[in-house]
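Okay, model.cif now, which holds mmCIF, C-alpha atoms:
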```cif
data_data
loop_
_atom_site.label_atom_id
_atom_site.label_comp_id
_atom_site.auth_asym_id
_atom_site.auth_seq_id
_atom_site.Cartn_x
_atom_site.Cartn_y
_atom_site.Cartn_z
CA MET A 3 58.56 64.77 129.64
CA ASP A 4 56.63 63.49 132.66
CA GLU A 5 57.59 59.95 131.70
CA VAL A 6 61.27 60.89 131.52
CA LEU A 7 61.15 62.46 134.98
CA ARG A 8 59.18 59.55 136.43
CA GLY A 9 61.00 56.79 134.62
CA ARG A 10 64.60 57.74 135.33
CA ARG A 11 66.25 55.35 137.76
CA SER A 12 69.79 54.86 138.97
CA ILE A 13 71.33 52.18 136.77
CA ARG A 14 74.49 50.38 137.86
CA HIS A 15 74.54 47.38 135.50
CA TYR A 16 75.32 48.03 131.87
CA ALA A 17 74.94 46.00 128.68
CA GLY A 18 78.06 45.29 126.61
CA ARG A 19 76.69 47.52 123.85
CA GLU A 20 78.98 50.40 122.97
CA VAL A 21 77.98 54.00 123.79
CA PRO A 22 79.02 56.01 120.72
CA ASP A 23 80.96 59.24 121.22
CA ALA A 24 78.34 61.09 119.20
CA LEU A 25 75.65 60.04 121.68
CA VAL A 26 77.73 61.20 124.64
CA ARG A 27 78.26 64.55 122.93
CA GLU A 28 74.52 64.96 122.28
CA ILE A 29 73.90 64.40 125.98
CA LEU A 30 76.59 66.85 127.07
CA ASP A 31 75.24 69.36 124.57
CA LEU A 32 71.87 69.18 126.33
CA ALA A 33 73.35 69.14 129.84
CA ARG A 34 75.09 72.49 129.34
CA HIS A 35 71.67 74.17 129.06
CA ALA A 36 71.19 73.82 132.84
CA PRO A 37 70.81 77.04 134.82
CA SER A 38 74.09 78.55 136.02
CA SER A 39 75.01 81.30 138.46
CA MET A 40 74.68 84.63 136.67
CA ASP A 41 74.68 82.63 133.42
CA ALA A 42 78.46 82.15 133.67
CA GLN A 43 78.30 78.49 132.55
CA PRO A 44 81.24 77.27 134.63
CA CYS A 45 80.84 73.52 133.96
CA CYS A 46 83.10 71.30 131.92
CA PHE A 47 83.28 67.56 131.37
CA VAL A 48 85.97 64.91 131.32
CA VAL A 49 84.82 61.84 129.36
CA ILE A 50 86.51 58.73 130.71
CA ARG A 51 86.59 55.43 128.81
CA SER A 52 90.05 54.02 129.47
CA PRO A 53 89.72 50.76 131.45
CA ALA A 54 92.65 51.68 133.68
CA ALA A 55 91.09 55.04 134.59
CA LEU A 56 87.65 53.50 135.21
CA GLU A 57 89.23 50.85 137.44
CA ARG A 58 91.08 53.56 139.33
CA LEU A 59 87.87 55.61 139.78
CA ALA A 60 86.12 52.56 141.27
CA THR A 61 89.03 51.97 143.66
CA ILE A 62 89.10 55.60 144.75
CA LYS A 63 85.33 55.79 145.29
CA ASP A 64 85.37 52.57 147.34
CA ALA A 65 88.29 53.80 149.43
CA TYR A 66 86.41 56.97 150.41
CA CYS A 67 83.01 55.34 150.90
CA PRO A 68 81.99 55.18 154.58
CA VAL A 69 82.54 51.61 155.78
CA ASP A 70 78.88 51.14 156.72
CA LYS A 71 77.76 51.99 153.19
CA ARG A 72 80.40 50.18 151.15
CA GLU A 73 78.54 46.89 151.14
CA ALA A 74 75.20 48.32 150.01
CA TYR A 75 76.75 50.73 147.52
CA PRO A 76 80.00 49.25 146.17
CA ALA A 77 81.64 51.37 143.46
CA GLY A 78 83.07 48.46 141.47
CA PHE A 79 80.38 48.92 138.82
CA LEU A 80 82.18 52.08 137.71
CA SER A 81 84.94 49.92 136.23
CA ARG A 82 82.32 48.11 134.13
CA ALA A 83 80.66 51.26 132.78
CA PRO A 84 81.33 51.96 129.10
CA VAL A 85 81.89 55.61 129.96
CA VAL A 86 82.00 57.86 133.01
CA VAL A 87 81.53 61.61 132.71
CA ALA A 88 83.23 63.69 135.38
CA VAL A 89 81.27 66.93 135.79
CA CYS A 90 83.70 69.65 136.83
CA VAL A 91 83.42 73.36 137.54
CA GLU A 92 85.78 76.23 136.83
CA ARG A 93 86.03 78.10 140.09
CA GLY A 94 86.70 81.50 138.47
CA ARG A 95 83.34 81.38 136.71
CA ALA A 96 81.21 79.88 139.48
CA HIS A 97 80.52 82.91 141.69
CA GLY A 98 81.27 80.82 144.77
CA ARG A 99 78.66 78.23 143.76
CA GLU A 100 80.82 75.44 142.31
CA ARG A 101 78.71 72.61 143.62
CA GLU A 102 75.31 74.06 142.80
CA ASN A 103 76.40 74.65 139.20
CA GLY A 104 77.87 71.17 138.82
CA ILE A 105 74.91 69.38 140.40
CA LEU A 106 72.35 71.22 138.23
CA VAL A 107 74.27 70.19 135.10
CA ALA A 108 74.56 66.59 136.32
CA ALA A 109 70.78 66.44 136.88
CA HIS A 110 70.19 67.54 133.28
CA LEU A 111 72.84 65.11 132.04
CA LEU A 112 71.11 62.15 133.70
CA LEU A 113 67.73 63.11 132.24
CA ALA A 114 69.16 63.65 128.75
CA ALA A 115 70.83 60.23 128.98
CA HIS A 116 67.64 58.53 130.14
CA ALA A 117 65.66 60.16 127.33
CA ARG A 118 68.10 58.46 124.91
CA GLY A 119 67.76 55.04 126.47
CA LEU A 120 70.95 55.19 128.53
CA GLY A 121 71.14 54.49 132.24
CA GLY A 122 73.31 56.32 134.70
CA ALA A 123 73.75 57.24 138.33
CA TYR A 124 74.80 60.26 140.34
CA LEU A 125 78.02 59.84 142.33
CA THR A 126 79.76 62.62 144.22
CA ALA A 127 83.34 63.54 143.40
CA TYR A 128 84.18 65.16 146.74
CA GLN A 129 83.42 64.84 150.40
CA PRO A 130 82.38 67.86 152.44
CA HIS A 131 84.84 67.20 155.29
CA ASP A 132 87.69 65.23 153.69
CA PRO A 133 89.66 66.61 150.74
CA GLY A 134 91.05 63.15 149.92
CA LEU A 135 88.44 62.01 147.40
CA GLU A 136 88.58 65.25 145.47
CA ARG A 137 92.39 65.19 145.51
CA GLU A 138 92.58 61.65 144.10
CA ILE A 139 90.13 62.45 141.30
CA ARG A 140 91.97 65.67 140.58
CA LEU A 141 95.24 63.75 140.20
CA LEU A 142 93.71 61.05 137.99
CA LEU A 143 92.05 63.52 135.61
CA ARG A 144 94.92 66.03 135.86
CA LEU A 145 92.52 68.82 136.75
CA PRO A 146 94.13 72.25 137.03
CA ARG A 147 93.99 73.93 140.40
CA ASP A 148 90.97 76.09 139.45
CA ILE A 149 88.82 73.19 138.22
CA ASP A 150 86.82 71.32 140.88
CA PRO A 151 85.34 67.86 140.32
CA VAL A 152 81.70 67.77 141.45
CA ALA A 153 80.04 64.60 140.18
CA LEU A 154 80.81 61.32 138.44
CA VAL A 155 78.12 60.07 136.08
CA PRO A 156 78.58 56.57 134.63
CA LEU A 157 76.57 55.94 131.47
CA GLY A 158 75.66 52.77 129.62
CA PHE A 159 72.75 50.92 128.08
CA PRO A 160 70.89 49.35 131.02
CA ALA A 161 71.29 45.67 131.80
CA GLU A 162 68.83 45.93 134.68
CA MET A 163 65.31 47.20 135.16
CA PRO A 164 64.93 48.26 138.77
CA ALA A 165 61.58 47.68 140.45
CA PRO A 166 59.29 50.73 140.53
CA LYS A 167 60.50 53.20 143.12
CA GLU A 168 58.55 53.46 146.34
CA LEU A 169 58.11 57.16 146.87
CA ARG A 170 57.24 58.87 150.09
CA PRO A 171 53.65 60.19 149.96
CA LEU A 172 53.47 63.71 148.57
CA ALA A 173 51.25 64.85 151.46
CA GLU A 174 54.15 64.08 153.82
CA LEU A 175 56.48 66.34 151.83
CA VAL A 176 54.42 69.45 151.11
CA HIS A 177 53.87 72.23 153.65
CA ASP A 178 51.68 75.28 153.32
CA GLU A 179 53.34 78.64 154.02
CA ILE A 180 55.19 77.34 157.07
CA PHE A 181 56.65 73.98 157.96
CA GLY A 182 54.14 71.66 159.59
CA GLU A 183 51.05 73.15 157.96
CA SER A 184 49.46 70.65 155.63
CA VAL A 185 48.14 71.78 152.30
CA GLN A 186 44.36 71.37 152.05
CA GLU A 187 43.38 68.61 149.64
CA MET B 10 62.41 66.15 126.07
CA ASP B 11 65.30 67.82 124.23
CA GLU B 12 63.13 70.89 123.72
CA VAL B 13 62.32 71.06 127.42
CA LEU B 14 66.01 70.90 128.34
CA ARG B 15 66.98 73.42 125.65
CA GLY B 16 64.04 75.74 126.10
CA ARG B 17 64.08 76.22 129.87
CA ARG B 18 65.21 79.69 130.83
CA SER B 19 65.30 81.61 134.09
CA ILE B 20 62.09 83.64 134.25
CA ARG B 21 61.79 86.55 136.67
CA HIS B 22 58.72 88.36 135.32
CA TYR B 23 55.36 86.71 135.79
CA ALA B 24 51.92 87.25 134.29
CA GLY B 25 49.02 88.04 136.63
CA ARG B 26 47.47 84.66 135.81
CA GLU B 27 46.95 82.46 138.84
CA VAL B 28 49.00 79.29 139.32
CA PRO B 29 46.52 76.70 140.60
CA ASP B 30 47.45 74.60 143.63
CA ALA B 31 46.77 71.46 141.61
CA LEU B 32 49.43 72.49 139.08
CA VAL B 33 51.98 73.14 141.81
CA ARG B 34 51.27 69.72 143.27
CA GLU B 35 51.72 68.03 139.89
CA ILE B 36 55.12 69.68 139.60
CA LEU B 37 56.17 68.70 143.12
CA ASP B 38 54.93 65.17 142.45
CA LEU B 39 57.35 64.98 139.51
CA ALA B 40 60.21 66.70 141.32
CA ARG B 41 60.30 64.09 144.07
CA HIS B 42 61.40 61.48 141.48
CA ALA B 43 64.88 63.02 141.42
CA PRO B 44 67.76 60.78 142.49
CA SER B 45 68.51 60.85 146.23
CA SER B 46 71.35 59.56 148.39
CA MET B 47 70.76 55.87 149.06
CA ASP B 48 67.17 56.48 147.90
CA ALA B 49 66.32 58.09 151.25
CA GLN B 50 64.24 60.88 149.63
CA PRO B 51 65.09 63.58 152.19
CA CYS B 52 63.46 66.53 150.38
CA CYS B 53 60.37 68.41 151.37
CA PHE B 54 58.71 71.58 150.13
CA VAL B 55 57.21 74.71 151.64
CA VAL B 56 54.78 76.37 149.22
CA ILE B 57 54.68 80.11 149.84
CA ARG B 58 51.93 82.37 148.47
CA SER B 59 51.28 84.87 151.23
CA PRO B 60 52.21 88.38 150.00
CA ALA B 61 53.83 89.21 153.34
CA ALA B 62 56.04 86.12 153.25
CA LEU B 63 57.00 86.71 149.60
CA GLU B 64 57.90 90.31 150.39
CA ARG B 65 59.99 89.15 153.33
CA LEU B 66 61.80 86.56 151.16
CA ALA B 67 62.70 89.27 148.64
CA THR B 68 64.02 91.52 151.42
CA ILE B 69 66.08 88.71 152.95
CA LYS B 70 67.57 87.65 149.61
CA ASP B 71 68.51 91.24 148.75
CA ALA B 72 70.07 91.76 152.16
CA TYR B 73 72.37 88.77 151.71
CA CYS B 74 73.19 89.39 148.04
CA PRO B 75 76.79 90.56 147.53
CA VAL B 76 76.70 94.32 146.90
CA ASP B 77 78.34 94.00 143.47
CA LYS B 78 75.59 91.65 142.28
CA ARG B 79 72.53 93.27 143.80
CA GLU B 80 72.01 95.64 140.89
CA ALA B 81 72.20 92.98 138.17
CA TYR B 82 70.24 90.40 140.15
CA PRO B 83 67.75 92.17 142.43
CA ALA B 84 65.49 89.80 144.36
CA GLY B 85 62.44 92.07 144.36
CA PHE B 86 60.78 89.91 141.70
CA LEU B 87 60.24 87.25 144.37
CA SER B 88 57.57 89.43 145.93
CA ARG B 89 55.75 89.52 142.58
CA ALA B 90 55.84 85.74 142.00
CA PRO B 91 52.47 83.99 142.39
CA VAL B 92 54.22 81.24 144.34
CA VAL B 93 57.66 80.38 145.66
CA VAL B 94 58.61 76.81 146.54
CA ALA B 95 61.27 76.44 149.21
CA VAL B 96 63.08 73.16 148.62
CA CYS B 97 64.26 71.84 151.99
CA VAL B 98 66.09 68.73 153.17
CA GLU B 99 65.67 66.64 156.29
CA ARG B 100 69.17 66.22 157.64
CA GLY B 101 68.52 62.85 159.25
CA ARG B 102 67.68 61.31 155.87
CA ALA B 103 70.33 63.01 153.73
CA HIS B 104 73.44 60.94 154.49
CA GLY B 105 75.48 64.11 154.83
CA ARG B 106 74.43 65.28 151.36
CA GLU B 107 71.74 67.85 152.15
CA ARG B 108 72.64 70.22 149.36
CA GLU B 109 73.14 67.63 146.63
CA ASN B 110 69.73 66.12 147.37
CA GLY B 111 67.99 69.49 147.41
CA ILE B 112 69.64 70.77 144.25
CA LEU B 113 68.81 67.61 142.27
CA VAL B 114 65.15 67.95 143.24
CA ALA B 115 65.15 71.67 142.38
CA ALA B 116 66.54 70.89 138.91
CA HIS B 117 63.70 68.45 138.29
CA LEU B 118 61.18 70.92 139.70
CA LEU B 119 62.28 73.63 137.25
CA LEU B 120 62.05 71.26 134.28
CA ALA B 121 58.63 69.95 135.33
CA ALA B 122 57.41 73.55 135.67
CA HIS B 123 58.79 74.54 132.26
CA ALA B 124 57.16 71.50 130.65
CA ARG B 125 53.82 72.84 131.97
CA GLY B 126 54.32 76.34 130.63
CA LEU B 127 55.49 77.88 133.89
CA GLY B 128 58.64 79.89 134.31
CA GLY B 129 60.92 79.80 137.30
CA ALA B 130 64.43 80.44 138.52
CA TYR B 131 66.92 78.80 140.84
CA LEU B 132 67.84 80.83 143.93
CA THR B 133 69.96 79.57 146.78
CA ALA B 134 68.60 79.51 150.31
CA TYR B 135 71.97 79.53 152.11
CA GLN B 136 75.43 80.93 151.78
CA PRO B 137 78.47 78.69 152.19
CA HIS B 138 80.29 81.02 154.59
CA ASP B 139 77.52 83.01 156.31
CA PRO B 140 74.72 81.31 158.23
CA GLY B 141 72.58 84.48 158.15
CA LEU B 142 70.58 83.81 155.00
CA GLU B 143 69.71 80.27 156.04
CA ARG B 144 68.78 81.48 159.55
CA GLU B 145 66.39 84.16 158.25
CA ILE B 146 64.66 81.72 155.91
CA ARG B 147 64.48 79.13 158.68
CA LEU B 148 62.75 81.67 160.94
CA LEU B 149 60.31 82.81 158.27
CA LEU B 150 59.25 79.27 157.32
CA ARG B 151 59.49 77.99 160.91
CA LEU B 152 61.74 75.13 159.83
CA PRO B 153 62.61 72.68 162.59
CA ARG B 154 66.25 72.36 163.52
CA ASP B 155 66.77 69.24 161.38
CA ILE B 156 65.31 70.72 158.18
CA ASP B 157 67.72 72.74 156.01
CA PRO B 158 66.54 75.16 153.32
CA VAL B 159 68.46 74.58 150.08
CA ALA B 160 66.76 76.44 147.23
CA LEU B 161 63.99 78.94 146.53
CA VAL B 162 62.11 78.40 143.28
CA PRO B 163 59.63 81.11 142.25
CA LEU B 164 57.01 79.92 139.74
CA GLY B 165 54.61 81.80 137.51
CA PHE B 166 53.36 82.02 133.96
CA PRO B 167 56.07 83.92 132.06
CA ALA B 168 55.61 87.59 131.21
CA GLU B 169 58.95 87.68 129.40
CA MET B 170 60.64 85.69 126.67
CA PRO B 171 64.38 85.95 127.19
CA ALA B 172 66.56 86.07 124.10
CA PRO B 173 68.13 82.74 123.10
CA LYS B 174 70.94 81.85 125.47
CA GLU B 175 74.47 82.20 124.19
CA LEU B 176 76.16 78.98 125.20
CA ARG B 177 79.86 78.36 125.43
CA PRO B 178 81.01 76.09 122.56
CA LEU B 179 80.82 72.43 123.48
CA ALA B 180 84.37 71.82 122.23
CA GLU B 181 85.60 74.19 124.93
CA LEU B 182 83.86 72.16 127.64
CA VAL B 183 84.62 68.54 126.78
CA HIS B 184 87.90 66.84 127.62
CA ASP B 185 89.05 63.38 126.64
CA GLU B 186 90.27 61.14 129.51
CA ILE B 187 92.24 63.93 131.14
CA PHE B 188 91.73 67.65 131.39
CA GLY B 189 93.17 69.58 128.46
CA GLU B 190 92.87 66.77 125.92
CA SER B 191 90.36 67.67 123.25
CA VAL B 192 87.95 65.05 122.03
CA GLN B 193 88.58 64.17 118.37
CA GLU B 194 85.78 65.42 116.15
#
```

Give the structure from this file in structure tokens form.
Amino acid sequence: MDEVLRGRRSIRHYAGREVPDALVREILDLARHAPSSMDAQPCCFVVIRSPAALERLATIKDAYCPVDKREAYPAGFLSRAPVVVAVCVERGRAHGRERENGILVAAHLLLAAHARGLGGAYLTAYQPHDPGLEREIRLLLRLPRDIDPVALVPLGFPAEMPAPKELRPLAELVHDEIFGESVQE
Amino acid sequence: MDEVLRGRRSIRHYAGREVPDALVREILDLARHAPSSMDAQPCCFVVIRSPAALERLATIKDAYCPVDKREAYPAGFLSRAPVVVAVCVERGRAHGRERENGILVAAHLLLAAHARGLGGAYLTAYQPHDPGLEREIRLLLRLPRDIDPVALVPLGFPAEMPAPKELRPLAELVHDEIFGESVQE
């Protein structure tokens, strides 16, 4: 388990190898075990494989990416993913915590995928201050009014092996009782 | 890994057994591997063990819990947890995605804890439409202005074994290309 948590990386280049439906379903089956508000399990998934839809997702994500980030994080790779899972949340079941519920499920989904040799990445399906991105995704996936898109998770067998991640030192991140108090080593 | 994802449950009753600092640090060390926006790693942790602070956290959470949920989900158990980790996010590193970054780390933290035999639960540290909860937690933990609390994760050795979770059927949750289209079995 430690190796799964440590070894997961964001993968944006995928091999041509097919990702079978059965494998996607195994991963979604695991992802739905994530914690949910009052155990109401509000998440659902749209599995997207159609080239036209993937192309459209890439275009939409690029259009709503802040200009200063578009070069470093272009969304074109979405159109080359074998499959993208849109993690959505049913508002009536979410107890006002649509995003929390969706993000927790997406975290589990990425780990389940990595444990099966697939690579993926976490992309947001909304912007806090601009309803445009969410609206475009809603239209594309024909989401009913009470279903909110939260995350887009492309999945594929990795065609890249990113360099080991440079992590910030743990001592910099951990505080004892109150912020600013270092934990004794 | 599958068993960790399937077996994790929300645990709110804890054994008297101590949770060593070294174990908490191992878990936080794993949690910081979660994906982050543009790899900026904005999360940090406040580790809370002082009985007075835990009691105060329980009081605050109860005070901001909607009245209709307080009976089913009382927060008093927080005061009986050996340790609570407040997952916080540094706004200047979060690229406008404070909550996403914090929630992804909290998901990893809960799985890392479960893999080590600890139980925990996900509690929010803010409310979308009322700044009061966040403000109280900020005061208690003396968070600087640019550090946002996102989640509270109590940890302890479980003193309960919840019944197996009843999950919604996967077929109800998975849609093919567009919402409402069932995936062929």

Chain and number of each residue from the PyMOL selection byres ((chain B) within 7 of (chain A)), as a PyMOL selection string: chain B and resi 10+14-15+38-39+42+53-58+109+112-113+116+124+150-152+179+182-188

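Around the point (87.3, 59.5, 141.1), within 7 Å and counting only C-alpha atoms, we find these residues: A:Leu59, A:Ile62, A:Lys63, A:Ala127, A:Leu135, A:Glu138, A:Ile139.
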
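If you count all atoms listed in the file and draw a sphere of 10 Å around (69.5, 49.9, 129.5), the protein and nucleic acid residues inside it come out as Ile13, Arg14, His15, Tyr16, Ala17, Arg19, His116, Arg118, Gly119, Leu120, Gly121, Gly122, Leu157, Gly158, Phe159, Pro160, Ala161, Glu162 and Met163 of chain A.
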
Onto chain A, please fit chain B by least squares using all C-alpha atoms in order, then return the transformed chain as a compact mmCIF listing (two decimals) with C-alpha atoms, keeping the file's coordinate frame.
```txt
# COMPACT_ATOMS: atom_id res chain seq x y z
CA MET B 10 58.56 64.77 129.65
CA ASP B 11 56.63 63.48 132.68
CA GLU B 12 57.60 59.94 131.72
CA VAL B 13 61.27 60.89 131.52
CA LEU B 14 61.16 62.45 134.99
CA ARG B 15 59.18 59.54 136.44
CA GLY B 16 61.00 56.78 134.63
CA ARG B 17 64.62 57.73 135.33
CA ARG B 18 66.24 55.34 137.76
CA SER B 19 69.80 54.85 138.97
CA ILE B 20 71.34 52.16 136.76
CA ARG B 21 74.50 50.38 137.86
CA HIS B 22 74.55 47.38 135.50
CA TYR B 23 75.33 48.02 131.86
CA ALA B 24 74.96 45.99 128.68
CA GLY B 25 78.07 45.28 126.60
CA ARG B 26 76.70 47.51 123.84
CA GLU B 27 78.98 50.40 122.97
CA VAL B 28 77.98 53.98 123.78
CA PRO B 29 79.01 56.01 120.72
CA ASP B 30 80.96 59.23 121.22
CA ALA B 31 78.34 61.08 119.19
CA LEU B 32 75.65 60.04 121.68
CA VAL B 33 77.73 61.20 124.63
CA ARG B 34 78.24 64.55 122.93
CA GLU B 35 74.51 64.95 122.29
CA ILE B 36 73.89 64.39 125.99
CA LEU B 37 76.59 66.84 127.07
CA ASP B 38 75.24 69.35 124.56
CA LEU B 39 71.87 69.17 126.33
CA ALA B 40 73.34 69.15 129.83
CA ARG B 41 75.08 72.48 129.34
CA HIS B 42 71.65 74.17 129.07
CA ALA B 43 71.19 73.82 132.83
CA PRO B 44 70.80 77.03 134.82
CA SER B 45 74.09 78.54 136.03
CA SER B 46 75.00 81.30 138.47
CA MET B 47 74.68 84.64 136.68
CA ASP B 48 74.68 82.62 133.43
CA ALA B 49 78.45 82.16 133.67
CA GLN B 50 78.29 78.49 132.55
CA PRO B 51 81.24 77.28 134.65
CA CYS B 52 80.84 73.53 133.97
CA CYS B 53 83.08 71.32 131.93
CA PHE B 54 83.28 67.57 131.38
CA VAL B 55 85.97 64.91 131.33
CA VAL B 56 84.82 61.85 129.36
CA ILE B 57 86.52 58.74 130.71
CA ARG B 58 86.60 55.43 128.80
CA SER B 59 90.05 54.03 129.47
CA PRO B 60 89.72 50.75 131.44
CA ALA B 61 92.64 51.70 133.68
CA ALA B 62 91.10 55.05 134.59
CA LEU B 63 87.67 53.50 135.20
CA GLU B 64 89.24 50.86 137.44
CA ARG B 65 91.09 53.57 139.34
CA LEU B 66 87.88 55.61 139.78
CA ALA B 67 86.13 52.56 141.26
CA THR B 68 89.03 51.97 143.66
CA ILE B 69 89.10 55.61 144.75
CA LYS B 70 85.34 55.78 145.30
CA ASP B 71 85.37 52.57 147.35
CA ALA B 72 88.28 53.81 149.43
CA TYR B 73 86.42 56.97 150.41
CA CYS B 74 83.01 55.33 150.91
CA PRO B 75 81.99 55.17 154.59
CA VAL B 76 82.54 51.59 155.78
CA ASP B 77 78.87 51.12 156.72
CA LYS B 78 77.76 51.96 153.18
CA ARG B 79 80.40 50.17 151.14
CA GLU B 80 78.54 46.87 151.13
CA ALA B 81 75.20 48.30 149.99
CA TYR B 82 76.76 50.72 147.51
CA PRO B 83 80.00 49.24 146.15
CA ALA B 84 81.64 51.37 143.46
CA GLY B 85 83.06 48.46 141.47
CA PHE B 86 80.38 48.92 138.80
CA LEU B 87 82.20 52.08 137.70
CA SER B 88 84.94 49.93 136.23
CA ARG B 89 82.33 48.10 134.14
CA ALA B 90 80.66 51.26 132.78
CA PRO B 91 81.34 51.96 129.08
CA VAL B 92 81.89 55.61 129.96
CA VAL B 93 82.00 57.86 133.00
CA VAL B 94 81.53 61.62 132.70
CA ALA B 95 83.23 63.70 135.38
CA VAL B 96 81.27 66.92 135.78
CA CYS B 97 83.70 69.65 136.84
CA VAL B 98 83.42 73.37 137.56
CA GLU B 99 85.78 76.22 136.83
CA ARG B 100 86.04 78.11 140.09
CA GLY B 101 86.69 81.48 138.48
CA ARG B 102 83.33 81.38 136.70
CA ALA B 103 81.20 79.88 139.48
CA HIS B 104 80.52 82.90 141.70
CA GLY B 105 81.26 80.82 144.78
CA ARG B 106 78.66 78.23 143.77
CA GLU B 107 80.82 75.44 142.32
CA ARG B 108 78.72 72.61 143.64
CA GLU B 109 75.31 74.06 142.81
CA ASN B 110 76.39 74.65 139.21
CA GLY B 111 77.85 71.18 138.83
CA ILE B 112 74.91 69.39 140.40
CA LEU B 113 72.35 71.22 138.23
CA VAL B 114 74.25 70.19 135.10
CA ALA B 115 74.56 66.59 136.33
CA ALA B 116 70.78 66.44 136.87
CA HIS B 117 70.19 67.53 133.29
CA LEU B 118 72.85 65.12 132.04
CA LEU B 119 71.11 62.16 133.71
CA LEU B 120 67.73 63.11 132.25
CA ALA B 121 69.16 63.64 128.76
CA ALA B 122 70.83 60.22 128.98
CA HIS B 123 67.64 58.52 130.16
CA ALA B 124 65.66 60.15 127.34
CA ARG B 125 68.10 58.45 124.92
CA GLY B 126 67.77 55.02 126.47
CA LEU B 127 70.94 55.18 128.54
CA GLY B 128 71.14 54.48 132.23
CA GLY B 129 73.31 56.32 134.70
CA ALA B 130 73.76 57.23 138.33
CA TYR B 131 74.80 60.25 140.34
CA LEU B 132 78.02 59.84 142.33
CA THR B 133 79.75 62.61 144.21
CA ALA B 134 83.33 63.54 143.40
CA TYR B 135 84.16 65.17 146.75
CA GLN B 136 83.41 64.83 150.41
CA PRO B 137 82.38 67.85 152.46
CA HIS B 138 84.83 67.20 155.30
CA ASP B 139 87.69 65.24 153.69
CA PRO B 140 89.65 66.61 150.75
CA GLY B 141 91.04 63.15 149.91
CA LEU B 142 88.44 62.02 147.40
CA GLU B 143 88.57 65.27 145.46
CA ARG B 144 92.39 65.19 145.50
CA GLU B 145 92.58 61.65 144.09
CA ILE B 146 90.13 62.45 141.30
CA ARG B 147 91.96 65.69 140.57
CA LEU B 148 95.23 63.75 140.19
CA LEU B 149 93.70 61.05 137.99
CA LEU B 150 92.05 63.53 135.61
CA ARG B 151 94.92 66.03 135.84
CA LEU B 152 92.53 68.83 136.74
CA PRO B 153 94.14 72.25 137.03
CA ARG B 154 94.00 73.95 140.39
CA ASP B 155 90.98 76.09 139.46
CA ILE B 156 88.82 73.19 138.23
CA ASP B 157 86.82 71.33 140.89
CA PRO B 158 85.34 67.87 140.32
CA VAL B 159 81.70 67.78 141.46
CA ALA B 160 80.04 64.60 140.18
CA LEU B 161 80.82 61.32 138.44
CA VAL B 162 78.12 60.07 136.08
CA PRO B 163 78.58 56.57 134.63
CA LEU B 164 76.57 55.94 131.45
CA GLY B 165 75.66 52.76 129.62
CA PHE B 166 72.75 50.92 128.08
CA PRO B 167 70.89 49.35 131.02
CA ALA B 168 71.30 45.66 131.81
CA GLU B 169 68.83 45.91 134.68
CA MET B 170 65.30 47.18 135.16
CA PRO B 171 64.93 48.24 138.77
CA ALA B 172 61.58 47.66 140.42
CA PRO B 173 59.28 50.71 140.53
CA LYS B 174 60.51 53.18 143.12
CA GLU B 175 58.56 53.45 146.33
CA LEU B 176 58.13 57.16 146.86
CA ARG B 177 57.24 58.88 150.08
CA PRO B 178 53.64 60.19 149.95
CA LEU B 179 53.45 63.71 148.57
CA ALA B 180 51.24 64.84 151.46
CA GLU B 181 54.13 64.08 153.81
CA LEU B 182 56.46 66.35 151.83
CA VAL B 183 54.41 69.46 151.10
CA HIS B 184 53.88 72.24 153.63
CA ASP B 185 51.67 75.28 153.31
CA GLU B 186 53.35 78.66 154.00
CA ILE B 187 55.19 77.36 157.05
CA PHE B 188 56.65 74.01 157.95
CA GLY B 189 54.15 71.67 159.59
CA GLU B 190 51.05 73.15 157.97
CA SER B 191 49.48 70.65 155.62
CA VAL B 192 48.18 71.81 152.29
CA GLN B 193 44.38 71.45 152.07
CA GLU B 194 43.40 68.72 149.64
```

d(atom CA of Arg95 of chain A, atom CA of Cys74 of chain B) in Å: 17.2 Å

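Coordinates place atom CA of Pro29 of chain B at a distance of 22.3 Å from atom CA of Arg65 of chain B.
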
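For the pair atom CA of Ala115 of chain A and atom CA of Tyr66 of chain A, the interatomic distance is 26.7 Å.
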
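Distance check against Pro84 of chain A using all atoms listed in the file: of A:Asp64, A:Glu57, A:Asp132, A:Asp150, the minimum falls on A:Glu57.
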
Centre and size of axis-aligned box enclosing segment 28-41 of chain A plus 3 Å each side, as JSON:
```
{"center_x": 73.7, "center_y": 74.5, "center_z": 130.4, "size_x": 11.8, "size_y": 26.2, "size_z": 22.2}
```

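Considering the residues A:Val155, A:Ala96, A:Ala165, A:Ala65 and counting all atoms listed in the file, Gly134 of chain A has its shortest atom-to-atom contact with A:Ala65.
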